[in-house]
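Content type compact mmCIF, C-alpha atoms, from the file work_8.txt:
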```
# COMPACT_ATOMS: atom_id res chain seq x y z
CA MET A 6 -21.89 10.59 10.66
CA ARG A 7 -19.39 8.77 12.80
CA LYS A 8 -21.04 6.65 15.48
CA LYS A 9 -19.93 6.97 19.10
CA HIS A 10 -19.30 4.09 21.47
CA ILE A 11 -20.44 3.82 25.09
CA VAL A 12 -17.62 2.65 27.34
CA SER A 13 -19.67 0.59 29.77
CA SER A 14 -20.76 -1.97 27.12
CA PHE A 15 -18.85 -1.56 23.86
CA ALA A 16 -19.56 -4.91 22.28
CA ALA A 17 -23.36 -4.79 22.51
CA LEU A 18 -24.08 -1.09 22.08
CA ALA A 19 -21.43 -0.28 19.46
CA LEU A 20 -22.84 -2.84 17.04
CA THR A 21 -26.39 -1.62 17.72
CA LEU A 22 -25.40 1.99 16.95
CA VAL A 23 -23.47 1.06 13.80
CA PHE A 24 -26.41 -0.80 12.30
CA ALA A 25 -29.28 1.36 13.56
CA ALA A 26 -29.19 3.43 10.37
CA CYS A 27 -29.87 0.42 8.20
CA ALA A 28 -33.64 0.14 8.54
CA ASP A 29 -34.12 -2.04 5.50
CA ALA A 30 -31.53 -4.53 6.83
CA GLU A 31 -33.24 -4.76 10.20
CA ALA A 32 -35.28 -7.84 9.31
CA GLU A 33 -32.18 -9.72 8.20
CA ARG A 34 -30.08 -8.86 11.19
CA GLY A 35 -29.20 -11.77 13.41
CA TYR A 36 -26.46 -11.56 15.88
CA ALA A 37 -24.40 -14.71 16.13
CA GLU A 38 -22.35 -14.50 19.26
CA GLU A 39 -19.83 -17.02 20.35
CA ASP A 40 -18.60 -17.15 23.94
CA ARG A 41 -15.15 -18.62 24.28
CA ALA A 42 -14.60 -21.36 26.83
CA GLY A 43 -14.86 -19.98 30.33
CA GLY A 44 -17.35 -17.20 29.50
CA ALA A 45 -15.84 -13.71 29.63
CA PRO A 46 -12.51 -13.32 27.82
CA SER A 47 -9.49 -14.01 29.96
CA VAL A 48 -6.20 -12.22 29.68
CA SER A 49 -4.17 -13.59 26.79
CA ALA A 50 -0.55 -14.46 27.33
CA GLU A 51 0.59 -11.60 25.12
CA LEU A 52 -1.43 -8.98 27.01
CA SER A 53 -1.13 -10.25 30.58
CA GLU A 54 1.19 -8.60 33.01
CA SER A 55 3.91 -10.59 34.70
CA ALA A 56 3.10 -11.66 38.23
CA GLU A 57 6.77 -11.41 39.14
CA PRO A 58 7.88 -8.11 40.71
CA LYS A 59 10.12 -6.07 38.46
CA THR A 60 13.66 -5.23 39.42
CA PRO A 61 14.85 -1.61 39.04
CA ASP A 62 16.52 -2.53 35.73
CA GLU A 63 13.23 -3.92 34.42
CA GLU A 64 11.07 -0.94 35.33
CA GLU A 65 9.21 0.45 32.34
CA PRO A 66 10.31 3.95 31.29
CA VAL A 67 8.03 6.81 32.23
CA SER A 68 5.75 7.66 29.31
CA PRO A 69 5.36 11.25 28.08
CA ALA A 70 1.84 11.32 29.52
CA GLN A 71 3.09 10.14 32.91
CA ALA A 72 5.87 12.70 32.88
CA TYR A 73 3.38 15.40 31.93
CA ALA A 74 1.03 14.35 34.73
CA GLU A 75 3.86 14.48 37.24
CA SER A 76 4.89 17.92 36.01
CA GLU A 77 1.28 19.11 36.44
CA THR A 78 1.36 17.89 40.03
CA ARG A 79 4.62 19.75 40.62
CA GLY A 80 3.30 22.86 38.92
CA THR A 81 5.91 22.83 36.15
CA PRO A 82 4.87 25.07 33.20
CA PRO A 83 3.52 22.90 30.34
CA GLU A 84 5.85 24.40 27.75
CA GLU A 85 8.87 23.41 29.84
CA THR A 86 7.57 19.87 30.13
CA VAL A 87 7.03 19.60 26.37
CA ARG A 88 10.55 20.86 25.67
CA ALA A 89 12.06 18.49 28.22
CA LEU A 90 10.24 15.50 26.73
CA ASP A 91 11.41 16.43 23.21
CA ILE A 92 7.92 15.69 21.90
CA GLN A 93 7.82 15.28 18.11
CA PRO A 94 5.01 16.24 15.69
CA VAL A 95 2.31 13.68 14.98
CA SER A 96 3.58 11.07 12.52
CA ALA A 97 2.28 8.00 10.69
CA GLU A 98 3.37 5.81 13.62
CA ASP A 99 0.89 7.63 15.88
CA PHE A 100 -1.95 6.20 13.77
CA ARG A 101 -1.37 2.68 15.04
CA LEU A 102 -2.54 1.05 18.27
CA LEU A 103 -0.71 -1.98 19.68
CA GLY A 104 1.17 -2.02 16.38
CA PHE A 105 -1.97 -2.36 14.24
CA ALA A 106 -3.55 0.11 11.82
CA ALA A 107 -6.90 0.69 10.14
CA HIS A 108 -7.50 -1.50 7.05
CA GLN A 109 -5.04 -4.12 8.32
CA ASN A 110 -6.12 -7.76 8.14
CA ILE A 111 -7.54 -9.05 11.43
CA SER A 112 -5.56 -12.24 10.87
CA ASP A 113 -2.44 -10.24 11.80
CA VAL A 114 -4.03 -9.43 15.15
CA ILE A 115 -5.02 -13.03 15.86
CA ASN A 116 -1.58 -14.31 14.86
CA ALA A 117 0.03 -11.84 17.26
CA LEU A 118 -2.40 -11.88 20.19
CA GLY A 119 -3.88 -15.37 19.94
CA ASP A 120 -7.46 -16.61 19.90
CA ASP A 121 -8.35 -15.81 23.51
CA TYR A 122 -11.06 -13.29 22.63
CA ALA A 123 -14.82 -12.79 22.75
CA TYR A 124 -16.50 -12.53 19.36
CA SER A 125 -19.65 -11.20 17.77
CA GLU A 126 -20.84 -10.52 14.23
CA ALA A 127 -23.70 -8.93 12.32
CA ILE A 128 -24.72 -8.34 8.71
CA SER A 129 -22.80 -5.37 7.31
CA CYS A 130 -24.75 -2.33 6.18
CA ASP A 131 -21.93 -1.01 3.98
CA HIS A 132 -20.26 -4.14 2.59
CA ASP A 133 -21.17 -7.62 1.39
CA GLY A 134 -20.66 -9.96 4.32
CA LEU A 135 -20.37 -9.62 8.08
CA ASP A 136 -19.00 -6.91 10.33
CA LYS A 137 -17.21 -8.52 13.28
CA VAL A 138 -15.91 -7.63 16.73
CA TYR A 139 -12.94 -9.27 18.48
CA ILE A 140 -12.62 -8.34 22.15
CA TYR A 141 -9.34 -8.88 23.97
CA ASP A 142 -8.43 -7.69 27.45
CA GLY A 143 -8.61 -3.89 27.31
CA VAL A 144 -8.75 -3.60 23.53
CA GLU A 145 -11.43 -4.21 20.89
CA PHE A 146 -11.06 -4.71 17.15
CA TYR A 147 -13.95 -3.96 14.75
CA THR A 148 -13.74 -5.28 11.20
CA TYR A 149 -15.47 -4.98 7.84
CA PRO A 150 -15.57 -7.61 5.07
CA ASN A 151 -13.37 -7.20 2.01
CA GLY A 152 -13.72 -10.19 -0.27
CA GLU A 153 -12.40 -13.21 1.64
CA SER A 154 -10.69 -11.02 4.25
CA ASP A 155 -11.80 -9.10 7.33
CA LEU A 156 -10.05 -5.75 7.66
CA ILE A 157 -9.84 -3.49 10.70
CA SER A 158 -12.28 -0.59 10.71
CA GLU A 159 -11.64 0.49 14.29
CA ILE A 160 -9.49 -0.28 17.31
CA ILE A 161 -10.62 0.85 20.77
CA LEU A 162 -8.47 0.96 23.88
CA THR A 163 -10.72 0.59 26.92
CA SER A 164 -8.12 0.11 29.63
CA ASP A 165 -5.09 1.99 30.92
CA LYS A 166 -2.97 -1.15 30.54
CA HIS A 167 -2.51 -0.25 26.85
CA LYS A 168 -0.91 2.93 25.51
CA THR A 169 -0.66 4.79 22.22
CA PRO A 170 2.81 4.92 20.59
CA ALA A 171 3.28 8.33 22.26
CA GLY A 172 2.49 6.85 25.67
CA VAL A 173 -1.06 8.15 26.23
CA SER A 174 -3.59 5.84 27.86
CA VAL A 175 -7.06 5.86 29.35
CA ARG A 176 -7.25 8.15 32.44
CA ASP A 177 -4.51 10.50 31.22
CA SER A 178 -5.47 14.15 31.27
CA LYS A 179 -6.85 16.12 28.34
CA ASN A 180 -3.98 18.57 28.76
CA ALA A 181 -1.48 15.73 28.40
CA VAL A 182 -3.10 14.66 25.10
CA THR A 183 -2.93 18.11 23.53
CA ALA A 184 0.56 18.78 24.90
CA ILE A 185 1.89 15.54 23.42
CA TYR A 186 -0.04 15.46 20.13
CA GLY A 187 -0.21 19.19 19.50
CA ASP A 188 -2.93 21.63 18.51
CA ASP A 189 -3.68 20.31 15.01
CA PHE A 190 -6.92 18.61 16.03
CA ILE A 191 -10.65 19.06 15.68
CA THR A 192 -13.31 18.50 18.32
CA GLU A 193 -16.30 16.21 17.86
CA GLY A 194 -18.54 16.60 20.87
CA ALA A 195 -16.41 15.56 23.84
CA ALA A 196 -13.69 14.04 21.63
CA ILE A 197 -10.35 15.36 20.44
CA VAL A 198 -9.64 14.06 16.93
CA TYR A 199 -6.37 13.89 14.99
CA LYS A 200 -6.55 12.92 11.31
CA SER A 201 -4.25 11.32 8.77
CA ASP A 202 -4.87 10.44 5.14
CA ALA A 203 -6.17 6.98 6.06
CA SER A 204 -7.48 7.11 9.63
CA GLU A 205 -8.52 9.15 12.65
CA LEU A 206 -7.26 9.02 16.22
CA TRP A 207 -9.99 9.85 18.74
CA PHE A 208 -9.53 10.67 22.42
CA TYR A 209 -12.90 10.68 24.17
CA ILE A 210 -12.76 13.03 27.15
CA SER A 211 -14.84 12.85 30.32
CA GLU A 212 -14.21 15.04 33.35
CA ASN A 213 -10.98 16.33 31.76
CA ALA A 214 -9.49 12.84 31.38
CA VAL A 215 -9.31 10.25 28.58
CA GLU A 216 -12.22 7.83 28.85
CA TYR A 217 -11.23 5.69 25.88
CA ILE A 218 -9.15 5.90 22.71
CA SER A 219 -10.24 4.97 19.19
CA LEU A 220 -8.32 4.54 15.95
CA ALA A 221 -10.76 4.33 13.03
CA LYS A 222 -10.72 4.30 9.26
CA LEU A 223 -12.02 7.45 7.63
CA ALA A 224 -15.81 7.62 7.30
CA GLY A 225 -17.05 6.39 3.94
CA GLU A 226 -14.03 4.23 3.14
```
Can you give me the file's structure in the form of structure tokens?
Amino acid sequence: MRKKHIVSSFAALALTLVFAACADAEAERGYAEEDRAGGAPSVSAELSESAEPKTPDEEEPVSPAQAYAESETRGTPPEETVRALDIQPVSAEDFRLLGFAAHQNISDVINALGDDYAYSEAISCDHDGLDKVYIYDGVEFYTYPNGESDLISEIILTSDKHKTPAGVSVRDSKNAVTAIYGDDFITEGAAIVYKSDASELWFYISENAVEYISLAKLAGE
């Protein structure tokens, strides 16, 4: 069964939930946590927002989710909004977050985002080696060992400063998610789940809004 994450403390509780099923590995478990200089992770240069005010020409385009939210406020019928946005069916590109995909080497993430992250590790229940967590500002990467490499098992967006390729972020409405991604989803508790051949895209909903977003490898892989 896929384990759920609690938004208020992903790093500690997610690892606890993942390994709770491994009773015979309990005695061997030993968390080795490393706090980067300065304690809590600071915003890396690649993820930080510019302090300079943007000129009109530099303004970011309105995302589909933002446009949908504005149309809801105006009372525009959802089908008109979807047509106006020219929303396309879910594609392979939708199963990437920040440009990264499940099963990708974590070294690609570190090369792109830098080493300004918080880190934790624990003995893997499913593989030989260590499962690891790399926490950047607003996004977390969970990995599993594969020989000498560490591959991504899950990516979690915890902040509205990051968006999916279709422009959905934390705090967007449930209606915006289904309008943009379509009706080909399943529900798992409070989550809306879209599946591909290699991964799953989860939108966890609370009070009719996205609480966090998860891209994960398929269970059992």
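Between Gly152 in chain A and the candidates A:Val198, A:Ala214, A:Ala107, A:Leu135, the tightest atom-to-atom separation, counting all atoms listed in the file, involves A:Leu135.
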Mind pulling up the distance from CA of Ile218 in chain A to CA of Lys137 in chain A? 19.0 Å
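Counting only C-alpha atoms, the residue from A:Leu118, A:Val215, A:Ala127, A:Leu206 that sits nearest to Ser96 in chain A is A:Leu206.
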Separation of CA of Ser219 in chain A from CA of Pro170 in chain A in Å: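 Computing the Euclidean distance for CA of Pro170 in chain A and CA of Ser219 in chain A yields 13.1 Å.
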What gap, in Å, lies between CA of Asp188 in chain A and CA of Leu220 in chain A? 18.1 Å
Residue contacts of Ala203 in chain A (10 Å, all atoms listed in the file) excluding same-chain residues fewer than 4 positions away, as a VMD selection string: chain A and resid 97 100 106 to 108 221 to 224 226
Deliver the residues from the most recent selection as a file, using C-alpha atoms, as a CSV table (one decimal), in the coordinates of the input.
```csv
chain,number,residue,atom,x,y,z
A,97,ALA,CA,2.3,8.0,10.7
A,100,PHE,CA,-2.0,6.2,13.8
A,106,ALA,CA,-3.6,0.1,11.8
A,107,ALA,CA,-6.9,0.7,10.1
A,108,HIS,CA,-7.5,-1.5,7.0
A,221,ALA,CA,-10.8,4.3,13.0
A,222,LYS,CA,-10.7,4.3,9.3
A,223,LEU,CA,-12.0,7.4,7.6
A,224,ALA,CA,-15.8,7.6,7.3
A,226,GLU,CA,-14.0,4.2,3.1
```
Kindly indicate which residue among A:Val114, A:Asp121, A:Gly134, A:Phe208 lies nearest to Phe146 in chain A, using all atoms listed in the file for the distances. A:Val114
